[in-house]
$ cat run21.csv   # CSV, C-alpha atoms and all ligand atoms
chain,number,residue,atom,x,y,z
A,1,MET,CA,73.2,5.6,56.3
A,2,SER,CA,72.5,6.8,52.8
A,3,ALA,CA,68.9,6.3,51.6
A,4,ILE,CA,69.9,6.5,47.9
A,5,LYS,CA,71.4,3.7,45.8
A,6,VAL,CA,74.2,4.6,43.4
A,7,SER,CA,75.5,2.3,40.7
A,8,ASN,CA,77.5,2.7,37.4
A,9,LEU,CA,75.3,3.7,34.4
A,10,ARG,CA,76.8,0.9,32.4
A,11,ASP,CA,79.7,-1.5,33.2
A,12,ASN,CA,81.7,-0.7,30.0
A,13,LEU,CA,81.5,3.1,30.4
A,14,SER,CA,83.9,5.2,32.4
A,15,PHE,CA,81.3,7.9,33.0
A,16,GLY,CA,77.7,8.1,34.2
A,17,ALA,CA,75.9,6.9,37.4
A,18,ARG,CA,72.4,5.6,38.1
A,19,VAL,CA,70.7,6.7,41.3
A,20,GLU,CA,67.6,5.4,42.9
A,21,GLY,CA,65.8,6.6,46.0
A,22,VAL,CA,65.5,10.4,45.3
A,23,THR,CA,62.5,11.9,47.2
A,24,PHE,CA,61.9,15.3,48.9
A,25,ASP,CA,62.9,13.6,52.1
A,26,THR,CA,66.1,12.1,51.0
A,27,LEU,CA,67.1,15.3,49.2
A,28,ALA,CA,66.7,17.2,52.5
A,29,ASP,CA,69.5,15.1,54.0
A,30,PRO,CA,72.9,17.0,53.7
A,31,ALA,CA,74.8,13.7,53.5
A,32,VAL,CA,72.7,12.7,50.5
A,33,ARG,CA,73.3,16.0,48.9
A,34,ASP,CA,77.0,15.8,49.4
A,35,GLU,CA,77.1,12.3,48.0
A,36,LEU,CA,75.1,13.3,44.9
A,37,ASN,CA,77.6,16.2,44.3
A,38,ARG,CA,80.5,13.9,44.7
A,39,VAL,CA,79.1,11.3,42.2
A,40,PHE,CA,78.2,14.1,39.7
A,41,GLU,CA,81.8,15.5,39.8
A,42,GLN,CA,83.3,12.0,39.4
A,43,ARG,CA,81.0,10.5,36.8
A,44,GLY,CA,79.9,13.6,34.7
A,45,MET,CA,76.2,12.6,34.5
A,46,ILE,CA,73.6,10.9,36.7
A,47,VAL,CA,70.4,9.2,35.6
A,48,PHE,CA,67.8,9.4,38.5
A,49,GLU,CA,65.2,6.7,38.2
A,50,ASN,CA,61.7,6.4,39.7
A,51,VAL,CA,61.6,10.1,40.6
A,52,GLU,CA,58.3,12.1,41.0
A,53,SER,CA,57.7,13.8,37.6
A,54,SER,CA,56.9,17.4,38.6
A,55,ALA,CA,58.4,20.9,38.2
A,56,LYS,CA,58.7,21.1,42.0
A,57,MET,CA,60.8,17.9,42.2
A,58,GLN,CA,62.9,19.0,39.2
A,59,VAL,CA,63.7,22.4,40.8
A,60,THR,CA,64.4,20.8,44.2
A,61,LEU,CA,66.7,18.2,42.7
A,62,SER,CA,68.5,20.8,40.5
A,63,LYS,CA,69.2,23.1,43.4
A,64,VAL,CA,71.2,20.3,45.1
A,65,PHE,CA,73.9,21.0,42.5
A,66,GLY,CA,73.7,24.8,42.6
A,67,PRO,CA,71.5,27.8,41.9
A,68,LEU,CA,69.4,27.9,38.8
A,69,LYS,CA,70.2,30.1,35.8
A,70,ASP,CA,67.8,31.7,33.4
A,71,HIS,CA,68.2,31.2,29.7
A,72,PRO,CA,70.5,33.7,27.9
A,73,THR,CA,68.1,34.2,25.0
A,74,LYS,CA,64.7,35.9,25.2
A,75,SER,CA,63.0,33.7,22.5
A,76,THR,CA,63.2,30.5,24.5
A,77,THR,CA,59.8,29.4,26.0
A,78,ARG,CA,59.6,29.2,29.8
A,79,THR,CA,57.0,27.2,31.7
A,80,ALA,CA,54.4,29.4,33.3
A,81,GLU,CA,54.7,27.8,36.7
A,82,ASP,CA,58.3,28.7,37.4
A,83,GLU,CA,59.4,31.3,34.9
A,84,ALA,CA,61.9,33.0,37.3
A,85,ALA,CA,63.8,29.7,37.8
A,86,GLY,CA,64.4,29.4,34.0
A,87,VAL,CA,62.5,26.1,33.5
A,88,ILE,CA,62.6,25.6,29.8
A,89,ASP,CA,59.7,23.7,28.3
A,90,MET,CA,60.3,22.0,24.9
A,91,HIS,CA,56.9,20.7,24.1
A,92,TYR,CA,56.1,19.6,20.5
A,93,ILE,CA,52.5,18.9,19.7
A,94,PRO,CA,52.1,17.7,16.1
A,95,ASN,CA,49.8,19.7,13.9
A,96,PRO,CA,46.9,17.3,13.2
A,97,ASN,CA,46.5,18.5,9.6
A,98,ASP,CA,50.2,18.2,8.7
A,99,PRO,CA,52.6,17.1,11.4
A,100,TYR,CA,55.6,17.9,9.1
A,101,ALA,CA,54.7,21.6,8.4
A,102,GLY,CA,56.9,24.1,10.3
A,103,GLU,CA,59.1,21.4,11.8
A,104,GLY,CA,62.9,21.4,11.5
A,105,LEU,CA,63.3,18.2,9.6
A,106,VAL,CA,66.4,16.2,8.6
A,107,GLU,CA,66.9,13.0,6.6
A,108,ILE,CA,69.1,10.3,7.9
A,109,ASP,CA,69.4,6.9,6.3
A,110,GLY,CA,66.2,7.6,4.3
A,111,LYS,CA,64.2,8.5,7.5
A,112,LEU,CA,62.6,11.9,8.0
A,113,LEU,CA,63.3,13.1,11.5
A,114,ALA,CA,62.1,16.0,13.7
A,115,ARG,CA,63.7,17.2,17.0
A,116,TYR,CA,67.1,16.1,15.8
A,117,SER,CA,70.0,17.8,17.7
A,118,PRO,CA,73.5,17.2,16.6
A,119,TRP,CA,76.3,16.8,19.2
A,120,HIS,CA,76.7,20.0,21.2
A,121,PHE,CA,77.1,21.5,24.7
A,122,ASP,CA,74.5,24.0,25.9
A,123,HIS,CA,75.2,27.8,25.9
A,124,CYS,CA,78.2,27.3,23.6
A,125,TYR,CA,77.1,30.6,21.9
A,126,ASN,CA,77.5,32.4,25.2
A,127,ASP,CA,80.7,33.5,27.0
A,128,GLU,CA,79.5,31.9,30.2
A,129,LEU,CA,79.0,28.2,30.3
A,130,ASN,CA,76.4,26.8,32.7
A,131,ARG,CA,77.5,24.2,35.1
A,132,ALA,CA,74.9,21.6,34.3
A,133,GLY,CA,71.5,20.8,32.8
A,134,VAL,CA,68.8,18.7,34.3
A,135,LEU,CA,66.3,17.2,31.9
A,136,ARG,CA,63.1,15.1,32.2
A,137,ALA,CA,60.8,13.9,29.4
A,138,PRO,CA,57.2,13.6,30.6
A,139,ILE,CA,56.1,12.7,27.0
A,140,ASN,CA,58.4,10.8,24.7
A,141,ALA,CA,57.9,9.4,21.2
A,142,PRO,CA,57.1,5.6,21.1
A,143,GLU,CA,60.2,5.2,18.9
A,144,GLY,CA,63.3,7.4,18.6
A,145,GLY,CA,63.8,10.5,20.7
A,146,ARG,CA,66.7,9.2,22.8
A,147,THR,CA,69.2,11.7,24.2
A,148,GLY,CA,72.9,10.8,23.7
A,149,PHE,CA,75.7,11.7,26.0
A,150,MET,CA,79.5,11.5,25.5
A,151,ASP,CA,82.2,12.3,28.0
A,152,GLY,CA,84.9,14.8,27.1
A,153,ILE,CA,87.5,13.2,29.4
A,154,GLU,CA,87.0,9.9,27.7
A,155,LEU,CA,86.9,11.6,24.3
A,156,TYR,CA,90.3,13.2,25.0
A,157,LYS,CA,91.8,9.8,25.9
A,158,GLN,CA,90.3,8.0,22.9
A,159,PHE,CA,90.8,10.7,20.2
A,160,PRO,CA,93.4,10.0,17.4
A,161,PRO,CA,96.6,11.6,18.8
A,162,GLU,CA,97.4,13.5,15.6
A,163,LEU,CA,94.1,15.3,15.8
A,164,ARG,CA,94.3,15.8,19.5
A,165,GLU,CA,97.7,17.4,19.5
A,166,ARG,CA,96.6,20.0,17.0
A,167,LEU,CA,93.5,20.8,18.9
A,168,GLU,CA,95.2,21.3,22.3
A,169,SER,CA,95.8,25.0,22.0
A,170,LEU,CA,92.8,26.0,19.8
A,171,ASN,CA,89.6,27.9,20.4
A,172,ILE,CA,86.4,27.0,18.6
A,173,ILE,CA,84.0,29.7,17.4
A,174,TYR,CA,80.3,29.2,18.1
A,175,THR,CA,77.1,31.2,17.1
A,176,LEU,CA,73.5,31.3,18.3
A,177,ASP,CA,72.4,30.2,14.8
A,178,THR,CA,70.9,26.8,15.4
A,179,ARG,CA,69.7,26.3,11.8
A,180,LEU,CA,70.7,22.8,10.7
A,181,SER,CA,70.9,23.9,7.1
A,182,LYS,CA,73.7,26.3,8.1
A,183,MET,CA,75.8,23.6,9.9
A,184,ARG,CA,79.0,23.0,8.1
A,185,PHE,CA,81.2,20.6,10.1
A,186,GLY,CA,80.6,17.0,10.9
A,187,VAL,CA,77.3,17.0,9.0
A,188,ASN,CA,75.8,13.5,8.9
A,189,PHE,CA,72.3,14.4,7.8
A,190,LYS,CA,70.5,16.1,4.9
A,191,PRO,CA,68.6,19.3,6.1
A,192,ILE,CA,65.0,19.3,4.8
A,193,SER,CA,63.3,22.2,6.5
A,194,GLU,CA,63.8,24.8,9.3
A,195,HIS,CA,61.6,25.0,12.4
A,196,ALA,CA,59.0,27.8,12.2
A,197,SER,CA,60.4,29.3,15.5
A,198,THR,CA,63.7,30.0,13.8
A,199,LYS,CA,62.4,33.4,12.6
A,200,ASP,CA,62.3,34.8,16.2
A,201,LEU,CA,65.7,33.3,17.0
A,202,LEU,CA,67.3,35.0,14.0
A,203,LYS,CA,66.6,38.4,15.4
A,204,GLU,CA,68.8,37.5,18.3
A,205,VAL,CA,71.4,35.9,16.2
A,206,ALA,CA,71.9,39.2,14.5
A,207,ILE,CA,72.9,40.9,17.8
A,208,PHE,CA,74.9,38.1,19.4
A,209,PRO,CA,78.7,38.3,18.9
A,210,ARG,CA,80.4,35.0,18.2
A,211,ALA,CA,81.6,33.1,21.3
A,212,MET,CA,84.9,31.2,21.7
A,213,HIS,CA,85.6,28.2,23.8
A,214,PRO,CA,88.7,26.1,24.1
A,215,ALA,CA,88.7,22.7,22.2
A,216,VAL,CA,90.6,21.1,25.2
A,217,TRP,CA,90.7,22.4,28.7
A,218,THR,CA,91.9,21.0,32.1
A,219,ARG,CA,89.7,20.4,35.1
A,220,ARG,CA,90.6,21.5,38.6
A,221,THR,CA,91.1,17.8,39.3
A,222,GLY,CA,93.7,17.5,36.5
A,223,GLU,CA,91.9,15.6,33.8
A,224,LYS,CA,91.9,17.0,30.2
A,225,VAL,CA,88.5,17.4,28.5
A,226,LEU,CA,88.0,17.4,24.8
A,227,HIS,CA,85.0,19.7,24.4
A,228,VAL,CA,84.0,20.4,20.8
A,229,GLY,CA,80.3,20.6,19.8
A,230,PRO,CA,79.9,20.4,16.0
A,231,TRP,CA,76.4,22.0,16.2
A,232,MET,CA,76.6,25.8,16.2
A,233,ALA,CA,80.4,25.7,15.6
A,234,VAL,CA,81.5,27.8,12.7
A,235,GLY,CA,85.3,27.2,12.7
A,236,ILE,CA,88.5,27.5,14.6
A,237,GLU,CA,89.7,30.9,15.9
A,238,HIS,CA,92.5,32.3,13.7
A,239,HIS,CA,92.1,29.4,11.3
A,240,GLU,CA,89.1,30.3,9.2
A,241,ASP,CA,90.7,29.2,6.0
A,242,SER,CA,90.4,26.1,3.8
A,243,ALA,CA,93.2,24.2,5.7
A,244,GLY,CA,91.6,25.1,9.1
A,245,GLU,CA,88.1,24.2,7.9
A,246,ALA,CA,89.2,20.8,6.5
A,247,PHE,CA,90.9,19.9,9.8
A,248,PHE,CA,87.9,21.0,11.8
A,249,ASP,CA,85.6,18.9,9.6
A,250,GLU,CA,87.7,15.9,10.3
A,251,VAL,CA,87.6,16.6,14.0
A,252,CYS,CA,83.8,17.0,13.9
A,253,HIS,CA,83.3,13.8,11.9
A,254,GLU,CA,85.4,11.9,14.4
A,255,ILE,CA,83.1,13.1,17.2
A,256,VAL,CA,80.0,12.1,15.2
A,257,ARG,CA,81.5,8.6,14.6
A,258,ARG,CA,82.3,8.1,18.2
A,259,GLY,CA,78.7,9.2,19.1
A,260,GLU,CA,77.4,6.3,16.9
A,261,GLY,CA,79.7,3.8,18.6
A,262,SER,CA,80.5,2.5,22.1
A,263,SER,CA,81.8,5.9,23.4
A,264,ALA,CA,78.3,7.2,23.8
A,265,TYR,CA,75.4,6.5,26.1
A,266,TRP,CA,71.9,6.9,24.6
A,267,HIS,CA,69.1,7.4,27.1
A,268,ASP,CA,65.7,6.0,26.3
A,269,TRP,CA,63.3,8.1,28.5
A,270,LYS,CA,60.8,7.0,31.0
A,271,PRO,CA,58.5,9.8,32.4
A,272,THR,CA,59.9,9.1,35.9
A,273,ASP,CA,63.6,9.7,34.9
A,274,MET,CA,65.6,12.8,35.4
A,275,VAL,CA,69.1,13.3,34.1
A,276,ILE,CA,71.8,15.8,35.1
A,277,TRP,CA,74.9,16.3,33.0
A,278,ASP,CA,78.1,18.3,33.5
A,279,ASN,CA,77.9,20.9,30.7
A,280,TRP,CA,81.7,21.7,31.0
A,281,ARG,CA,82.6,18.1,30.3
A,282,MET,CA,79.9,16.2,28.4
A,283,LEU,CA,78.5,16.5,24.9
A,284,HIS,CA,74.9,15.6,24.2
A,285,ALA,CA,72.6,15.1,21.2
A,286,VAL,CA,69.0,14.0,20.3
A,287,GLU,CA,68.5,11.3,17.7
A,288,GLY,CA,65.2,12.7,16.5
A,289,CYS,CA,61.9,11.0,15.9
A,290,ASP,CA,59.0,11.1,13.5
A,291,ALA,CA,57.3,14.5,13.5
A,292,LYS,CA,53.9,12.8,14.0
A,293,TYR,CA,54.8,12.1,17.7
A,294,GLU,CA,54.3,14.4,20.6
A,295,ARG,CA,57.4,15.0,22.7
A,296,GLN,CA,58.0,17.1,25.8
A,297,THR,CA,61.3,17.6,27.5
A,298,ILE,CA,61.7,20.1,30.4
A,299,ARG,CA,65.1,21.5,31.3
A,300,THR,CA,66.5,23.4,34.2
A,301,THR,CA,69.9,25.0,34.1
A,302,ILE,CA,72.5,25.1,36.9
A,303,GLN,CA,74.5,28.3,37.2
A,304,GLY,CA,78.3,28.5,37.1
A,305,ASP,CA,81.1,29.2,34.7
A,306,TYR,CA,84.4,27.6,33.9
A,307,GLY,CA,85.8,31.0,33.0
A,308,LEU,CA,87.3,30.1,29.7
A,309,GLY,CA,84.7,31.3,27.2
A,310,TYR,CA,84.6,34.9,25.7
A,311,PHE,CA,82.8,36.9,23.1
A,312,GLU,CA,84.8,37.8,20.0
A,313,ASP,CA,84.6,41.5,20.6
A,314,GLY,CA,85.1,41.3,24.4
A,315,LYS,CA,81.5,42.2,25.3
A,316,LYS,CA,79.6,40.6,28.2
A,317,ILE,CA,76.1,39.2,27.8
A,318,GLY,CA,74.5,42.0,29.7
A,319,GLU,CA,76.0,44.6,27.4
A,320,VAL,CA,74.7,42.7,24.4
A,321,TYR,CA,71.1,43.1,25.6
A,322,ARG,CA,71.6,46.7,26.9
A,323,GLU,CA,72.6,47.8,23.4
A,324,VAL,CA,69.4,46.6,21.8
A,325,ALA,CA,67.0,47.6,24.7
A,401,FE,FE,71.2,20.9,24.5

$ encode --input "run21.csv" --output "structure tokens" --more "lines below"
Ligand SMILES: [Fe+2]
Amino acid sequence: MSAIKVSNLRDNLSFGARVEGVTFDTLADPAVRDELNRVFEQRGMIVFENVESSAKMQVTLSKVFGPLKDHPTKSTTRTAEDEAAGVIDMHYIPNPNDPYAGEGLVEIDGKLLARYSPWHFDHCYNDELNRAGVLRAPINAPEGGRTGFMDGIELYKQFPPELRERLESLNIIYTLDTRLSKMRFGVNFKPISEHASTKDLLKEVAIFPRAMHPAVWTRRTGEKVLHVGPWMAVGIEHHEDSAGEAFFDEVCHEIVRRGEGSSAYWHDWKPTDMVIWDNWRMLHAVEGCDAKYERQTIRTTIQGDYGLGYFEDGKKIGEVYREVA
């Protein structure tokens, strides 16, 4: 008998599951591992509750779903304890003299927010798309800082048909340039300042070719997935003209609107939560919080590829780095 308890994340959502009972012992049981993979494939994301908050547990749980992948960029911070496994530590400690200096800030509804991430999928700027991400938040802000998730299968079903039909055969162009001041489509915020770490990133931006991913793709199981992340997107392949850009802006604003409504699930973190999401299917975002708050999220990345992304000039990621070595 299974030692874990699985339930729907929310009754009015067609995606997402909640799982209790994850321990090193239960994860050692092949039947539990099979069940977790089945639930993940069906529901697109799982919130694990009351889990030991440690790197060891995060890596053990992540490996239930596949081998880990290192980050494709060199400028992303790894945790010292498990560098090889690509555990990414996003720890923001406010500067006691001026918590707003050096932060990437945006203004939304008159509020100044740090750590804001618009809707996106991870590694969109890469040709290879990781299977999943696993996240925990040992330190969260007392207000704000929630992570939002939307399901591409549901988005496809709900999207206005006239937009969806035009999107079906199109590829979206993405870059590694994460600067919010450079975002052009579906912008619902006012950029105020760039994060200080952007300088290192820009050296890599200069050598990365643009990456293409389909706006809509079909899963092995037959469902169509609408998978467009407004963040880091710079347009539609072969339609980088004013008509193409106006259409793409409409698409991105539609995604942002749905993210503010009942299509999205916004997770309010407890230190004992871990969340896995299917990066081929889901979009995610961070609502941001006041820069005066400390926040730490730690991510592992599950390897894999859906095989549909490619770099504009046909290069593979290894070649990109060999050229600059
Ligand atoms: Fe992300």

$ closest_atom_pairs --input "run21.csv" --of "chain A" --to "ligand FE 401 (chain A)" --cutoff "7 Å" --atoms "all atoms listed in the file" --output "JSON lines"
{"residue": "A:His120", "atom": "CA", "partner": "A:FE401", "partner_atom": "FE", "distance": 6.5}
{"residue": "A:Phe121", "atom": "CA", "partner": "A:FE401", "partner_atom": "FE", "distance": 5.9}
{"residue": "A:Asp122", "atom": "CA", "partner": "A:FE401", "partner_atom": "FE", "distance": 4.7}
{"residue": "A:His284", "atom": "CA", "partner": "A:FE401", "partner_atom": "FE", "distance": 6.5}
{"residue": "A:Ala285", "atom": "CA", "partner": "A:FE401", "partner_atom": "FE", "distance": 6.8}

$ residues_around --input "run21.csv" --residues "A:Met57" --least-positions-apart "5" --cutoff "9 Å" --atoms "only C-alpha atoms" --output "short mmCIF file (atom, residue, chain, number, x, y, z; two decimals) with C-alpha atoms, in the frame of the given file"
data_model
loop_
_atom_site.label_atom_id
_atom_site.label_comp_id
_atom_site.auth_asym_id
_atom_site.auth_seq_id
_atom_site.Cartn_x
_atom_site.Cartn_y
_atom_site.Cartn_z
CA THR A 23 62.50 11.90 47.20
CA PHE A 24 61.90 15.30 48.90
CA VAL A 51 61.60 10.10 40.60
CA GLU A 52 58.30 12.10 41.00
CA SER A 62 68.50 20.80 40.50
#

$ atom_distance --input "run21.csv" --atom1 "atom CA of A:Glu168" --atom2 "atom CA of A:Tyr125"
20.4 Å

$ closest_residue --input "run21.csv" --among "A:Lys270, A:Arg220, A:Arg179, A:Lys199" --to "A:Pro142" --atoms "only C-alpha atoms"
A:Lys270

$ residues_around --input "run21.csv" --residues "A:Pro191" --least-positions-apart "4" --cutoff "12 Å" --atoms "all atoms listed in the file" --output "mmCIF file with C-alpha atoms, in the frame of the given file"
data_model
loop_
_atom_site.group_PDB
_atom_site.id
_atom_site.type_symbol
_atom_site.label_atom_id
_atom_site.label_comp_id
_atom_site.auth_asym_id
_atom_site.auth_seq_id
_atom_site.Cartn_x
_atom_site.Cartn_y
_atom_site.Cartn_z
ATOM 1 C CA GLU A 103 59.100 21.400 11.800
ATOM 2 C CA GLY A 104 62.900 21.400 11.500
ATOM 3 C CA LEU A 105 63.300 18.200 9.600
ATOM 4 C CA VAL A 106 66.400 16.200 8.600
ATOM 5 C CA GLU A 107 66.900 13.000 6.600
ATOM 6 C CA ILE A 108 69.100 10.300 7.900
ATOM 7 C CA LYS A 111 64.200 8.500 7.500
ATOM 8 C CA LEU A 112 62.600 11.900 8.000
ATOM 9 C CA LEU A 113 63.300 13.100 11.500
ATOM 10 C CA ALA A 114 62.100 16.000 13.700
ATOM 11 C CA TYR A 116 67.100 16.100 15.800
ATOM 12 C CA SER A 117 70.000 17.800 17.700
ATOM 13 C CA PRO A 118 73.500 17.200 16.600
ATOM 14 C CA ARG A 179 69.700 26.300 11.800
ATOM 15 C CA LEU A 180 70.700 22.800 10.700
ATOM 16 C CA SER A 181 70.900 23.900 7.100
ATOM 17 C CA LYS A 182 73.700 26.300 8.100
ATOM 18 C CA MET A 183 75.800 23.600 9.900
ATOM 19 C CA ARG A 184 79.000 23.000 8.100
ATOM 20 C CA VAL A 187 77.300 17.000 9.000
ATOM 21 C CA HIS A 195 61.600 25.000 12.400
#

$ closest_residue --input "run21.csv" --among "A:Arg10, A:Arg131, A:Lys292, A:Arg299" --to "A:Asp98" --atoms "all atoms listed in the file"
A:Lys292

$ residues_around --input "run21.csv" --residues "stretch 153-163 of chain A" --least-positions-apart "6" --cutoff "6 Å" --atoms "all atoms listed in the file" --output "number ranges by chain"
A: 224-226

$ atom_distance --input "run21.csv" --atom1 "atom CA of A:Thr218" --atom2 "atom CA of A:Leu129"
14.9 Å

$ residues_around --input "run21.csv" --residues "A:Leu202" --least-positions-apart "4" --cutoff "12 Å" --atoms "only C-alpha atoms" --output "list in words"
Thr73, Lys74, Ser75, Thr175, Leu176, Asp177, Thr178, Arg179, Glu194, His195, Ala196, Ser197, Thr198, Ala206, Ile207 and Phe208 of chain A

$ residues_around --input "run21.csv" --residues "A:Leu68" --least-positions-apart "2" --cutoff "9 Å" --atoms "only C-alpha atoms" --output "compact mmCIF listing (two decimals) with C-alpha atoms, in the frame of the given file"
# COMPACT_ATOMS: atom_id res chain seq x y z
CA VAL A 59 63.70 22.40 40.80
CA SER A 62 68.50 20.80 40.50
CA LYS A 63 69.20 23.10 43.40
CA GLY A 66 73.70 24.80 42.60
CA ASP A 70 67.80 31.70 33.40
CA ALA A 85 63.80 29.70 37.80
CA GLY A 86 64.40 29.40 34.00
CA VAL A 87 62.50 26.10 33.50
CA THR A 300 66.50 23.40 34.20
CA THR A 301 69.90 25.00 34.10
CA ILE A 302 72.50 25.10 36.90
CA GLN A 303 74.50 28.30 37.20

$ closest_residue --input "run21.csv" --among "A:Ile192, A:Pro67, A:Ile139, A:Arg295" --to "A:Gly102" --atoms "all atoms listed in the file"
A:Ile192

$ closest_residue --input "run21.csv" --among "A:Val64, A:Val22, A:Val275, A:Ile173" --to "A:Tyr310" --atoms "only C-alpha atoms"
A:Ile173

$ closest_residue --input "run21.csv" --among "A:Pro214, A:Gly186, A:Pro271, A:Gly261" --to "A:Met232" --atoms "all atoms listed in the file"
A:Gly186

$ atom_distance --input "run21.csv" --atom1 "atom CA of A:Arg43" --atom2 "atom CA of A:Gly16"
4.8 Å

$ closest_residue --input "run21.csv" --among "A:Met274, A:Val134, A:Ala17, A:Ile172" --to "A:Ile236" --atoms "all atoms listed in the file"
A:Ile172

$ axis_aligned_box --input "run21.csv" --around "stretch 298-309 of chain A" --padding-each-side "6 Å" --output "AutoDock Vina command-line options"
--center_x 74.5 --center_y 25.7 --center_z 32.2 --size_x 37.6 --size_y 23.2 --size_z 22.0

$ decode --input "run21.csv" --residues "stretch 196-213 of chain A" --atoms "N, CA and C atoms" --output "short mmCIF file (atom, residue, chain, number, x, y, z; two decimals), in the first residue's frame"
data_model
loop_
_atom_site.label_atom_id
_atom_site.label_comp_id
_atom_site.auth_asym_id
_atom_site.auth_seq_id
_atom_site.Cartn_x
_atom_site.Cartn_y
_atom_site.Cartn_z
N ALA A 196 22.24 44.14 -10.24
CA ALA A 196 23.68 44.34 -10.44
C ALA A 196 24.33 43.16 -11.18
N SER A 197 23.79 41.95 -10.98
CA SER A 197 24.40 40.76 -11.59
C SER A 197 24.21 40.72 -13.11
N THR A 198 23.38 41.61 -13.64
CA THR A 198 23.10 41.60 -15.08
C THR A 198 24.38 41.78 -15.90
N LYS A 199 25.35 42.52 -15.35
CA LYS A 199 26.61 42.79 -16.08
C LYS A 199 27.30 41.49 -16.51
N ASP A 200 27.40 40.52 -15.57
CA ASP A 200 28.05 39.23 -15.91
C ASP A 200 27.24 38.48 -16.95
N LEU A 201 25.93 38.52 -16.78
CA LEU A 201 25.06 37.80 -17.71
C LEU A 201 25.22 38.32 -19.13
N LEU A 202 25.38 39.62 -19.27
CA LEU A 202 25.42 40.21 -20.61
C LEU A 202 26.61 39.72 -21.44
N LYS A 203 27.72 39.32 -20.76
CA LYS A 203 28.85 38.76 -21.49
C LYS A 203 28.42 37.47 -22.20
N GLU A 204 27.57 36.71 -21.51
CA GLU A 204 27.08 35.46 -22.12
C GLU A 204 26.00 35.73 -23.17
N VAL A 205 25.20 36.76 -22.91
CA VAL A 205 24.15 37.12 -23.87
C VAL A 205 24.79 37.38 -25.24
N ALA A 206 25.99 38.00 -25.21
CA ALA A 206 26.65 38.38 -26.45
C ALA A 206 27.05 37.17 -27.30
N ILE A 207 27.26 36.00 -26.66
CA ILE A 207 27.72 34.84 -27.44
C ILE A 207 26.61 33.82 -27.71
N PHE A 208 25.47 33.98 -27.05
CA PHE A 208 24.38 33.02 -27.22
C PHE A 208 23.58 33.34 -28.49
N PRO A 209 23.45 32.37 -29.40
CA PRO A 209 22.53 32.60 -30.51
C PRO A 209 21.08 32.64 -30.00
N ARG A 210 20.17 33.16 -30.76
CA ARG A 210 18.77 33.15 -30.35
C ARG A 210 18.22 31.71 -30.48
N ALA A 211 17.29 31.37 -29.60
CA ALA A 211 16.72 30.01 -29.62
C ALA A 211 15.25 30.07 -30.03
N MET A 212 14.80 29.04 -30.72
CA MET A 212 13.42 28.96 -31.20
C MET A 212 12.70 27.81 -30.50
N HIS A 213 11.46 28.06 -30.11
CA HIS A 213 10.59 26.99 -29.58
C HIS A 213 9.19 27.17 -30.14
#
